[in-house]
Structures are given as C-alpha cells and as structure tokens.
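File shown here: upload26.cif, holding mmCIF, C-alpha atoms.
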```
data_data
#
loop_
_atom_site.label_atom_id
_atom_site.label_comp_id
_atom_site.auth_asym_id
_atom_site.auth_seq_id
_atom_site.Cartn_x
_atom_site.Cartn_y
_atom_site.Cartn_z
CA MET A 1 -16.84 16.26 19.44
CA CYS A 2 -18.11 12.89 18.24
CA ALA A 3 -17.54 11.89 14.66
CA GLY A 4 -20.47 10.96 12.50
CA GLN A 5 -22.46 14.18 12.91
CA GLU A 6 -23.25 15.55 9.49
CA GLY A 7 -23.31 19.28 8.91
CA ARG A 8 -25.03 21.53 6.39
CA TYR A 9 -23.75 25.08 6.02
CA LEU A 10 -25.74 27.84 4.32
CA ILE A 11 -24.01 31.10 3.36
CA ARG A 12 -25.71 34.34 2.37
CA ALA A 13 -23.27 36.91 1.01
CA LYS A 14 -24.65 39.22 -1.66
CA GLY A 15 -22.15 40.49 -4.17
CA CYS A 16 -19.71 37.66 -3.43
CA ILE A 17 -18.59 34.70 -5.51
CA LEU A 18 -16.74 32.52 -3.01
CA ALA A 19 -16.83 31.70 0.71
CA VAL A 20 -13.96 29.95 2.51
CA LEU A 21 -15.11 28.06 5.63
CA GLN A 22 -12.91 27.53 8.69
CA TRP A 23 -13.35 26.63 12.35
CA GLY A 24 -13.22 29.63 14.66
CA SER A 25 -13.18 30.59 18.32
CA GLY A 26 -15.27 33.74 18.20
CA THR A 27 -12.23 36.00 17.96
CA GLY A 28 -11.03 34.63 14.64
CA THR A 29 -10.12 31.40 12.93
CA LEU A 30 -8.31 28.67 14.86
CA PRO A 31 -4.55 29.20 14.55
CA GLY A 32 -2.81 26.46 12.63
CA TRP A 33 -5.99 25.08 11.06
CA GLY A 34 -6.78 25.37 7.36
CA PRO A 35 -10.16 25.73 5.60
CA PHE A 36 -12.53 22.79 5.32
CA ALA A 37 -14.54 24.07 2.34
CA TYR A 38 -14.41 26.48 -0.60
CA VAL A 39 -18.04 27.27 -1.42
CA PRO A 40 -19.19 28.98 -4.65
CA ILE A 41 -21.77 31.76 -4.13
CA ASP A 42 -24.52 32.03 -6.75
CA PRO A 43 -25.74 35.32 -8.34
CA ALA A 44 -28.45 35.60 -5.68
CA GLY A 45 -25.77 35.56 -2.97
CA ASN A 46 -26.42 32.02 -1.69
CA GLY A 47 -24.05 29.12 -1.16
CA ALA A 48 -24.29 25.73 0.53
CA PHE A 49 -21.91 23.03 1.69
CA PHE A 50 -22.70 19.57 3.03
CA PHE A 51 -20.07 17.98 5.28
CA PRO A 52 -20.61 14.21 5.62
CA GLY A 53 -20.21 12.49 8.96
CA SER A 54 -17.04 11.03 10.48
CA ARG A 55 -15.03 14.22 10.99
CA ALA A 56 -15.04 15.95 14.36
CA ILE A 57 -15.20 19.56 15.52
CA PRO A 58 -11.96 20.70 17.20
CA GLY A 59 -12.14 20.98 20.97
CA ASN A 60 -11.43 24.72 21.02
CA ALA A 61 -13.87 25.64 18.23
CA SER A 62 -17.02 27.60 19.06
CA HIS A 63 -17.83 29.23 15.71
CA VAL A 64 -17.77 28.64 11.98
CA GLY A 65 -16.07 31.45 10.10
CA ALA A 66 -16.51 32.37 6.44
CA ARG A 67 -14.31 34.70 4.44
CA CYS A 68 -16.45 35.88 1.52
CA TYR A 69 -14.76 37.24 -1.61
CA SER A 70 -16.32 39.75 -4.00
CA HIS A 71 -16.24 39.53 -7.80
CA GLY A 72 -12.69 39.84 -9.05
CA PHE A 73 -11.47 39.11 -5.51
CA SER A 74 -11.04 42.85 -5.05
CA SER A 75 -12.36 42.73 -1.48
CA CYS A 76 -13.48 40.28 1.17
CA GLU A 77 -15.71 40.18 4.24
CA ASP A 78 -15.35 37.97 7.31
CA ILE A 79 -18.51 36.65 8.93
CA SER A 80 -19.04 33.98 11.59
CA ALA A 81 -21.82 32.06 13.28
CA PRO A 82 -21.80 30.14 16.57
CA ILE A 83 -21.86 26.36 16.44
CA PRO A 84 -25.23 25.17 17.84
CA GLU A 85 -24.82 24.07 21.45
CA GLN A 86 -25.80 20.46 20.78
CA TYR A 87 -22.87 20.13 18.37
CA LEU A 88 -20.23 21.86 20.48
CA PRO A 89 -17.27 19.68 21.47
CA SER A 90 -17.59 18.13 24.90
CA ASP A 91 -15.03 18.51 27.65
CA ALA A 92 -13.93 14.93 27.08
CA SER A 93 -10.28 14.63 26.24
CA ALA A 94 -7.72 11.89 26.00
CA GLY A 95 -5.75 13.27 28.93
CA ASP A 96 -3.89 10.01 29.50
CA ALA A 97 -3.37 9.46 25.79
CA LYS A 98 -0.24 8.05 24.25
CA HIS A 99 0.97 10.00 21.23
CA PHE A 100 2.26 8.46 18.00
CA SER A 101 3.27 9.99 14.67
CA ILE A 102 2.67 8.21 11.36
CA LEU A 103 4.43 8.55 8.00
CA THR A 104 3.79 6.39 4.96
CA ASP A 105 4.76 6.18 1.30
CA LEU A 106 7.87 8.34 1.40
CA HIS A 107 9.34 6.74 -1.76
CA LEU A 108 12.94 7.78 -1.17
CA SER A 109 15.03 7.52 -4.34
CA SER A 110 17.94 9.93 -4.73
CA LYS A 111 16.76 13.15 -3.02
CA PRO A 112 16.79 12.91 0.78
CA TRP A 113 15.68 16.45 1.66
CA LYS A 114 11.97 15.58 1.47
CA ILE A 115 12.51 12.62 3.79
CA THR A 116 14.35 14.80 6.29
CA GLN A 117 11.53 17.36 6.16
CA ALA A 118 8.91 14.67 6.79
CA LEU A 119 10.83 13.11 9.68
CA LYS A 120 11.20 16.50 11.35
CA ALA A 121 7.46 17.18 10.89
CA ALA A 122 6.56 14.15 13.03
CA GLU A 123 5.89 15.51 16.53
CA SER A 124 5.93 12.34 18.66
CA ASP A 125 9.00 10.53 19.97
CA ILE A 126 7.45 7.33 18.57
CA LEU A 127 7.02 7.04 14.81
CA PHE A 128 5.20 4.42 12.75
CA LEU A 129 6.60 3.97 9.21
CA LEU A 130 3.88 2.24 7.17
CA GLY A 131 5.93 1.14 4.18
CA ASP A 132 7.18 2.27 0.78
CA SER A 133 9.92 4.06 2.66
CA THR A 134 12.02 3.64 -0.48
CA ASN A 135 10.99 3.72 -4.12
CA ASP A 136 12.91 0.73 -5.47
CA GLY A 137 13.97 -1.39 -2.50
CA LEU A 138 17.66 -0.85 -3.26
CA PRO A 139 20.12 -1.36 -0.39
CA GLU A 140 21.66 2.06 -1.03
CA GLN A 141 18.23 3.68 -0.66
CA PHE A 142 17.77 2.09 2.76
CA ASP A 143 21.27 3.26 3.69
CA ARG A 144 20.34 6.77 2.59
CA PHE A 145 17.15 6.62 4.65
CA GLY A 146 19.18 5.60 7.69
CA VAL A 147 21.41 8.63 7.18
CA CYS A 148 18.29 10.85 7.08
CA ILE A 149 17.08 9.39 10.38
CA ALA A 150 20.47 9.88 12.04
CA ALA A 151 20.64 13.48 10.86
CA ALA A 152 17.05 14.56 11.48
CA VAL A 153 15.61 12.48 14.35
CA PRO A 154 18.36 10.41 15.99
CA GLY A 155 16.39 9.96 19.21
CA LYS A 156 13.11 8.73 17.74
CA THR A 157 11.76 5.24 18.34
CA ILE A 158 10.66 3.99 14.91
CA PHE A 159 8.43 0.99 14.13
CA PRO A 160 8.60 0.01 10.42
CA VAL A 161 6.61 -2.29 8.15
CA ILE A 162 7.44 -3.27 4.60
CA GLY A 163 5.74 -1.81 1.51
CA ASN A 164 5.68 -3.15 -2.03
CA HIS A 165 8.24 -0.54 -3.14
CA ASP A 166 10.58 -1.70 -0.38
CA VAL A 167 11.07 -4.93 -2.35
CA LEU A 168 13.36 -5.14 -5.39
CA TYR A 169 11.44 -5.47 -8.64
CA ASP A 170 13.02 -8.72 -9.72
CA PRO A 171 10.65 -10.89 -11.79
CA GLN A 172 13.39 -13.46 -12.45
CA GLY A 173 14.14 -13.95 -8.74
CA THR A 174 17.87 -13.41 -9.19
CA HIS A 175 18.05 -11.61 -5.83
CA GLY A 176 16.08 -14.10 -3.75
CA ASP A 177 12.89 -12.60 -2.36
CA GLY A 178 14.18 -9.05 -2.93
CA CYS A 179 13.62 -8.12 0.71
CA SER A 180 17.21 -8.18 2.01
CA GLY A 181 17.62 -4.39 1.94
CA TYR A 182 14.45 -3.91 3.97
CA ALA A 183 15.36 -6.70 6.41
CA GLY A 184 18.57 -4.92 7.41
CA PHE A 185 16.70 -1.62 7.69
CA GLN A 186 14.07 -3.14 10.00
CA ASN A 187 16.65 -4.91 12.13
CA ALA A 188 18.56 -1.68 12.69
CA LEU A 189 15.42 0.25 13.65
CA LEU A 190 14.19 -2.47 16.00
CA ALA A 191 17.58 -2.61 17.69
CA LYS A 192 17.08 1.10 18.45
CA VAL A 193 13.54 0.33 19.70
CA GLN A 194 14.98 -2.14 22.20
CA ALA A 195 17.79 0.23 23.16
CA ASN A 196 15.08 2.78 23.99
CA GLY A 197 13.51 0.36 26.47
CA TYR A 198 10.80 -1.43 24.49
CA ALA A 199 10.73 -5.23 24.21
CA VAL A 200 10.24 -6.50 20.66
CA SER A 201 8.57 -9.91 20.28
CA PRO A 202 9.10 -11.33 16.76
CA ALA A 203 6.66 -13.65 15.04
CA PRO A 204 7.89 -17.15 14.14
CA ASP A 205 8.45 -16.03 10.55
CA GLY A 206 10.97 -13.46 11.80
CA ARG A 207 9.26 -10.68 9.86
CA ALA A 208 6.18 -9.55 11.80
CA TYR A 209 6.57 -8.43 15.41
CA THR A 210 4.77 -6.95 18.41
CA VAL A 211 5.69 -4.35 21.01
CA ARG A 212 3.82 -3.54 24.22
CA ILE A 213 3.57 0.15 25.19
CA GLY A 214 1.70 0.45 28.47
CA ASP A 215 -1.68 -1.19 27.92
CA LEU A 216 -1.41 -0.81 24.12
CA ASP A 217 -0.40 -3.70 21.89
CA ILE A 218 1.46 -2.68 18.70
CA VAL A 219 1.36 -5.31 15.93
CA ALA A 220 3.45 -4.87 12.77
CA LEU A 221 2.33 -7.05 9.86
CA GLN A 222 4.69 -7.70 6.94
CA CYS A 223 2.31 -8.19 4.03
CA VAL A 224 4.67 -8.05 1.00
CA THR A 225 6.77 -10.89 -0.38
CA ALA A 226 8.83 -11.67 -3.48
CA GLY A 227 7.59 -10.02 -6.65
CA ARG A 228 6.01 -7.23 -4.58
CA ALA A 229 2.99 -9.47 -3.99
CA PHE A 230 0.55 -8.74 -1.17
CA ARG A 231 0.25 -12.09 0.53
CA PHE A 232 1.05 -14.05 3.67
CA PRO A 233 2.85 -17.27 2.66
CA GLU A 234 0.89 -20.30 3.84
CA GLU A 235 -0.98 -17.92 6.17
CA ARG A 236 1.60 -18.51 8.91
CA GLN A 237 1.60 -14.85 9.86
CA ILE A 238 -2.20 -14.80 10.10
CA ASP A 239 -2.17 -17.93 12.26
CA TRP A 240 0.30 -16.15 14.54
CA LEU A 241 -1.86 -13.00 14.58
CA GLU A 242 -4.91 -15.04 15.61
CA ARG A 243 -3.04 -16.62 18.53
CA HIS A 244 -1.54 -13.31 19.58
CA LEU A 245 -4.83 -11.38 19.64
CA SER A 246 -6.50 -14.13 21.66
CA GLN A 247 -3.73 -14.28 24.26
CA THR A 248 -2.52 -10.73 24.85
CA PRO A 249 -4.04 -8.95 27.89
CA ALA A 250 -3.71 -5.50 26.26
CA SER A 251 -6.81 -3.30 26.32
CA ARG A 252 -6.36 -2.00 22.77
CA HIS A 253 -4.40 -2.98 19.69
CA ILE A 254 -2.77 -0.91 16.94
CA ILE A 255 -2.07 -2.90 13.78
CA LEU A 256 0.39 -1.52 11.22
CA CYS A 257 0.02 -2.82 7.66
CA HIS A 258 1.19 -1.17 4.46
CA ALA A 259 -1.90 -1.92 2.37
CA PRO A 260 -5.53 -1.84 3.59
CA LEU A 261 -6.04 -5.60 3.32
CA VAL A 262 -9.43 -5.50 5.01
CA ALA A 263 -13.07 -5.07 4.03
CA HIS A 264 -13.40 -1.75 5.88
CA ASN A 265 -11.63 0.63 3.53
CA PRO A 266 -12.09 4.39 3.62
CA ASN A 267 -13.03 5.65 0.15
CA ARG A 268 -14.05 2.17 -1.00
CA ASN A 269 -17.60 1.14 -1.76
CA ALA A 270 -19.23 -1.41 0.51
CA GLY A 271 -18.85 -4.84 -1.00
CA GLN A 272 -15.89 -3.73 -3.11
CA PRO A 273 -12.96 -4.08 -0.71
CA TYR A 274 -9.52 -3.03 -1.89
CA LEU A 275 -6.97 -5.85 -2.12
CA HIS A 276 -9.18 -7.86 0.25
CA LYS A 277 -7.79 -11.23 -0.79
CA ASN A 278 -7.71 -12.87 2.61
CA LYS A 279 -10.92 -12.52 4.60
CA ARG A 280 -9.38 -14.00 7.74
CA ILE A 281 -7.77 -10.68 8.67
CA GLN A 282 -11.13 -8.90 8.74
CA GLU A 283 -12.70 -11.80 10.64
CA LEU A 284 -9.97 -11.55 13.28
CA LEU A 285 -10.46 -7.81 13.65
CA ASP A 286 -14.23 -8.19 13.98
CA ARG A 287 -13.90 -10.99 16.52
CA ASN A 288 -11.44 -9.20 18.81
CA GLY A 289 -12.46 -5.53 18.56
CA ASN A 290 -10.82 -2.43 20.07
CA ILE A 291 -8.33 -2.37 17.18
CA ILE A 292 -6.89 0.60 15.30
CA PHE A 293 -5.88 -0.56 11.81
CA LEU A 294 -3.39 1.83 10.18
CA SER A 295 -2.48 1.56 6.50
CA GLY A 296 -1.03 3.52 3.60
CA HIS A 297 -0.32 2.48 -0.02
CA THR A 298 -3.23 4.30 -1.67
CA HIS A 299 -1.83 7.88 -1.38
CA VAL A 300 -5.41 9.04 -0.80
CA SER A 301 -5.66 12.66 0.36
CA PRO A 302 -7.27 13.24 3.75
CA ASN A 303 -9.07 16.17 2.10
CA LEU A 304 -11.38 14.06 -0.03
CA ILE A 305 -14.94 14.81 1.03
CA THR A 306 -15.53 11.10 1.70
CA GLY A 307 -12.77 11.06 4.31
CA ASN A 308 -10.21 8.38 5.07
CA GLY A 309 -11.15 7.42 8.62
CA GLU A 310 -13.86 4.94 9.55
CA TYR A 311 -15.25 3.82 12.91
CA ASP A 312 -17.13 0.56 13.42
CA LYS A 313 -19.32 1.06 16.49
CA GLY A 314 -20.12 -2.63 16.79
CA THR A 315 -16.50 -3.65 17.30
CA ARG A 316 -15.02 -0.25 18.27
CA ASN A 317 -12.49 -0.75 15.51
CA ILE A 318 -10.97 2.23 13.69
CA TYR A 319 -9.67 2.04 10.13
CA LEU A 320 -7.42 4.84 8.91
CA ASP A 321 -5.70 5.38 5.58
CA CYS A 322 -2.76 7.63 6.41
CA GLY A 323 -2.24 9.32 3.03
CA SER A 324 1.37 9.68 1.89
CA VAL A 325 4.47 11.83 2.22
CA VAL A 326 4.65 12.22 -1.55
CA PRO A 327 1.81 14.39 -2.96
CA THR A 328 -1.55 12.86 -2.14
CA ASP A 329 -4.33 11.92 -4.55
CA LEU A 330 -7.47 14.09 -4.77
CA SER A 331 -8.98 12.19 -7.70
CA GLY A 332 -12.74 12.07 -7.45
CA GLU A 333 -13.12 15.32 -5.52
CA THR A 334 -15.80 17.28 -7.38
CA GLY A 335 -15.82 20.54 -5.39
CA LEU A 336 -13.33 23.38 -5.22
CA THR A 337 -10.10 22.39 -3.51
CA GLY A 338 -7.49 24.19 -1.43
CA PRO A 339 -3.97 24.93 -2.69
CA ASP A 340 -2.38 22.61 -0.11
CA TRP A 341 -4.89 19.75 -0.19
CA LYS A 342 -2.53 17.55 -2.21
CA ASP A 343 0.40 18.15 0.13
CA GLY A 344 2.13 15.17 1.63
CA CYS A 345 0.88 14.61 5.17
CA VAL A 346 1.90 13.43 8.60
CA THR A 347 -0.64 11.91 10.99
CA GLU A 348 -0.64 12.50 14.75
CA LEU A 349 -2.47 9.78 16.70
CA TYR A 350 -3.52 10.15 20.35
CA VAL A 351 -4.80 6.96 21.97
CA SER A 352 -6.20 6.37 25.46
CA ARG A 353 -8.23 3.47 26.83
CA GLN A 354 -11.56 4.95 25.67
CA GLU A 355 -10.74 7.70 23.19
CA THR A 356 -8.83 8.25 19.96
CA GLU A 357 -7.93 11.59 18.38
CA ILE A 358 -6.46 11.86 14.87
CA ARG A 359 -4.90 14.97 13.31
CA MET A 360 -3.53 14.97 9.78
CA ARG A 361 -1.27 17.88 8.80
CA SER A 362 0.52 19.23 5.75
CA ILE A 363 4.23 18.44 5.84
CA GLU A 364 4.90 21.56 3.77
CA THR A 365 3.13 24.11 6.00
CA GLY A 366 2.30 22.30 9.25
CA THR A 367 -1.36 23.28 8.80
CA VAL A 368 -3.93 20.89 10.29
CA PHE A 369 -6.43 19.62 7.72
CA PRO A 370 -9.96 19.83 9.24
CA ARG A 371 -11.02 17.14 6.78
CA GLY A 372 -8.36 14.93 8.34
CA TYR A 373 -9.47 15.48 11.95
CA TYR A 374 -11.28 12.69 13.83
CA TRP A 375 -12.24 12.01 17.41
CA PHE A 376 -13.74 8.69 18.48
CA GLY A 377 -14.84 7.88 22.03
CA THR A 378 -17.34 5.83 24.01
CA GLU A 379 -19.66 8.82 24.37
CA CYS A 380 -20.13 8.72 20.60
CA GLU A 381 -22.03 5.46 21.00
#
```

Reformat the file's structure so that it appears as structure tokens.
Amino acid sequence: MCAGQEGRYLIRAKGCILAVLQWGSGTGTLPGWGPFAYVPIDPAGNGAFFFPGSRAIPGNASHVGARCYSHGFSSCEDISAPIPEQYLPSDASAGDAKHFSILTDLHLSSKPWKITQALKAAESDILFLLGDSTNDGLPEQFDRFGVCIAAAVPGKTIFPVIGNHDVLYDPQGTHGDGCSGYAGFQNALLAKVQANGYAVSPAPDGRAYTVRIGDLDIVALQCVTAGRAFRFPEERQIDWLERHLSQTPASRHIILCHAPLVAHNPNRNAGQPYLHKNKRIQELLDRNGNIIFLSGHTHVSPNLITGNGEYDKGTRNIYLDCGSVVPTDLSGETGLTGPDWKDGCVTELYVSRQETEIRMRSIETGTVFPRGYYWFGTECE
C-alpha cells in the first residue's frame, strides 16, 4: 500500500492493438475506479507500461486487469494477473482518520451550475476551498457563490483561502487592494465555521487564520495581495506562521495555500521551484515536519504520469497539488490518455496520526483516478 513502489507491466495479446489497465479484485475491475493506463500493443502482440513511484495500490485490489482490443476495435478480451504478494496492500488503514474534501480553482463567473455540481461532489462535511473561487473577484460573483453554497451544501463547514482571481484586476488601485469582495466571503464562511462548533483563531493581519480539529492544526495562508501579487507584505504572516508552528501542541498540521509557494512542487524539476520567492516558508516546513501542504493554482491534472503528490520521508511532509474544478491540464503527457483525464476533480483527504490517504475523483463521473490515489504511512519508511 506504500507509495513509491514503481511498477512495470508487460502485456502479451496477439492480434490486439490496445490494452486498458485497471485495478481488479479477481472477479473484475474495482467498481468506481477508472483505468490507470492505455497501452499500445505492437504487431508482435507485446505492450509495456512503466508506472513511476508515489501512487499506491488500492486496499481492496488483488489483481491487475487488462481489456485488450483487437484491430478495428471489433472485439475485446479481458485478462488479469495477480499482484505479487510483496506488493499487495497491507491491512493498515486510517481507521481513526478525519475526512476532508478539497476543491480549488472553480473560477465562477456567470454560470453557477458547475459550482453547484462540484460542491455536491465533495463527500466530507468539511470542505477546503483553495482559492480562485471566482474568476474576477467581483462582489456579485462572491454573492453568487454564496447562493450556490446555500442551495447545494448548506450544512458544510467550509475553510477558504484567497486566490489571485479572487482579487479585482485593478492596476490603478482605484478599489483599494481589490480584496473586499473576498474578505466578506471569508468572513461569512468563517462565521458558519464557528457556528458549527470550531474555534477560529485569526492571525494579527486579520487575513490568515487557524482552526484546531482534534489533534490536527489547520492553517489557512492568504498569499495574494493587491494587483494579484503572490506575496506576504513585510513577511508579517510568515513571522506569525513561525510562532504558531513552534507553539501549537497539535500532532500534525494541514496548511492551505492557493499557490505552491514552496520548493517541493509536484511536476516541477528539482532546483526549479514554482513561484518559490520566499524560502522561509519551505524552511519552516522542513524544520517542523508532519505537515500536509495543500495547494492549487496550476490546474495540473492528477493523471499526469509524473503525479501531483510528493512525500518527504525526512520530514514526513506531504505536498499535494489539488488540480482544479475547471478542466485540468494534461500538457506534457506523452502517452495515450483517457477520455475523462482532463475532467475537473475533487480531492478526498483522510488523515490520522500516522497515515494519510488521498483520492482524487472526476467531478463529472465520480470515478476515482488511480493516478490520483496516494497512501502515506509510517510503515512506508
């Protein structure tokens, strides 16, 4: 079940041109799970697929299934092979896990139906909104988003952070910092958080905040300011974050931040961090450890072969890019891709003291993306 185990799959299917690989249970493919590879078969009947490390095998999987299609797709054959015992998922499970749903980059403009669909797709009673909830930062867009919440998920507890599109594009500064629409939106959502029994502790700047849920510490960073710039004015928010992480007795931390402003970035080359303008954030994460850093902004598809989840064994930190509700980006994927691999996605996060499970699903179909499935635990070390 541990992430980081690489897999190589060899298919022999004479007379076929394509094999579709899925996790199976011995009696068929896992219900609700989509394919993880579309593998071309050569004229000799051979195909191969290499799955890099970081993804995990689902807990109820025992086989790998392949549906092999003949020339012209006139017929198909289903074959399967057992997963070698040393790679089978363990019995470990996050039985005491807390469940959170994550949505990011919804970009609401004038059509609310997609927002309502995404909100209803989130399975947990607690939802993290990672920014770019609106497309233009207009007050009427935030009002419209509030109507969507009231209609679709009135009982949910929602923790928001600001994205660059949640700020008015106002180069002349005629509307102040352009954040007033978002500020009212956040205040309304946090009032509901407190009404639902959670204590919100604001940072001195009045923008960032923390919430304690059991032994988990939720930290919401507000990383966008006037002009849609990614920065922390005078580093006051980072100073506050440093004090908070050093003082809180929580066993684990979940940090919400719209953009991946750290050196550990899924789909980024080592030494080429994305928007990594302030190295103090990464230094704080490395120093404290046991942190799950959740971000959006990039719209990267969870179905890219490189993946969008990363685990640092030295610090036990997890870095996850949560895709987007709008269609995701598959740029750079060189292999064959599935018809739903660009779908907007929702992320389900299960966190216990020692284990973390991540499932990313299509909002359109509800199908779990195997390329967006991760499991990290102490036994993986």

Handout entry: Minimum-distance residue to Phe369 of chain A, chosen among A:Phe100, A:Phe232, A:Trp341, A:Tyr319 (using only C-alpha atoms)
Key = A:Trp341

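One distance worth recording is that between atom CA of Pro43 of chain A and atom CA of Leu18 of chain A, which is 10.8 Å.
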
Handout entry: Point-to-point distance in Å for atom CA of Gln22 of chain A and atom CA of Val64 of chain A
Key =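 Computed distance, atom CA of Val64 of chain A to atom CA of Gln22 of chain A, equals 6.0 Å.
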
Exercise for the section: Can you pull out every residue within 6 Å of segment 73-87 of chain A, counting only C-alpha atoms, but drop anything in the same chain fewer than 6 positions away, and send it as a PyMOL selection string? Expected result: chain A and resi 62-67

Exercise for the section: Enumerate, as number ranges by chain, the residues matched when the PyMOL selection byres ((chain A and resi 40) around 10) is run on the file above. Expected result: A: 11, 16-20, 37-39, 41-43, 45-49, 68-69, 335-336

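The interatomic distance for the pair atom CA of Ile218 of chain A and atom CA of Ile254 of chain A works out to 4.9 Å.
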
So which residues get picked by the PyMOL selection byres ((chain A and resi 242-253) around 6) here, written as an mmCIF file with C-alpha atoms, keeping the file's coordinate frame?
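The result, written out as expr_29.cif:
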```cif
data_model
loop_
_atom_site.group_PDB
_atom_site.id
_atom_site.type_symbol
_atom_site.label_atom_id
_atom_site.label_comp_id
_atom_site.auth_asym_id
_atom_site.auth_seq_id
_atom_site.Cartn_x
_atom_site.Cartn_y
_atom_site.Cartn_z
ATOM 1 C CA ASP A 215 -1.680 -1.190 27.920
ATOM 2 C CA LEU A 216 -1.410 -0.810 24.120
ATOM 3 C CA ASP A 217 -0.400 -3.700 21.890
ATOM 4 C CA ILE A 218 1.460 -2.680 18.700
ATOM 5 C CA ASP A 239 -2.170 -17.930 12.260
ATOM 6 C CA TRP A 240 0.300 -16.150 14.540
ATOM 7 C CA LEU A 241 -1.860 -13.000 14.580
ATOM 8 C CA ILE A 254 -2.770 -0.910 16.940
ATOM 9 C CA ASN A 290 -10.820 -2.430 20.070
ATOM 10 C CA ILE A 291 -8.330 -2.370 17.180
#
```

Practice task
Please identify all polymer residues within 7 Å of Asn135 of chain A, counting only C-alpha atoms, omitting same-chain residues fewer than 3 positions from it, and present them as a VMD selection string.
Solution key: chain A and resid 107 to 109 132 165 to 166

Practice task
Would you list the contacts of Cys322 of chain A as a ChimeraX atom specification, taking every protein, DNA or RNA residue within 12 Å and counting all atoms listed in the file, but skipping same-chain residues closer than 4 positions in sequence?
Solution key: /A:101-106,128-131,256-260,265-266,293-303,307-310,326,328-329,344-349,358-361,372-373

Handout entry: Proximity to Pro327 of chain A - best of A:Thr367, A:Lys114, A:Ala229, A:Gln237, only C-alpha atoms
Key =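 Distance minimum relative to Pro327 of chain A lands on A:Lys114.
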
Handout entry: From A:Ser362, A:Thr337, A:Asn60, A:Asn164, residue lying nearest Thr27 of chain A [only C-alpha atoms]
Key =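 The answer is A:Asn60, which sits nearest to Thr27 of chain A.
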
Exercise for the section: Name the closest residue to Glu235 of chain A among the candidates A:Pro370, A:Gly214, A:Gly314, A:Pro204; distances are taken between atoms, counting only C-alpha atoms. Expected result: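 Result for the nearest residue to Glu235 of chain A: A:Pro204.
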
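Residue nearest Pro139 of chain A within the list A:Gly181, A:Gly323, A:Pro112, A:Pro154: A:Gly181 [criterion: smallest interatomic distance, only C-alpha atoms].
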
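Counting all atoms listed in the file and comparing A:Gly26, A:Glu283, A:Val211, A:Tyr350, the residue that lies closest to Ser124 of chain A is A:Tyr350.
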
Enumerate, as a compact mmCIF listing (two decimals) with C-alpha atoms, keeping the file's coordinate frame, the residues matched when the PyMOL selection byres ((chain A and resi 33) around 6) is run on the file above.
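File produced: expr_26.txt:
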```txt
# COMPACT_ATOMS: atom_id res chain seq x y z
CA LEU A 30 -8.31 28.67 14.86
CA PRO A 31 -4.55 29.20 14.55
CA GLY A 32 -2.81 26.46 12.63
CA GLY A 34 -6.78 25.37 7.36
CA THR A 367 -1.36 23.28 8.80
CA VAL A 368 -3.93 20.89 10.29
```
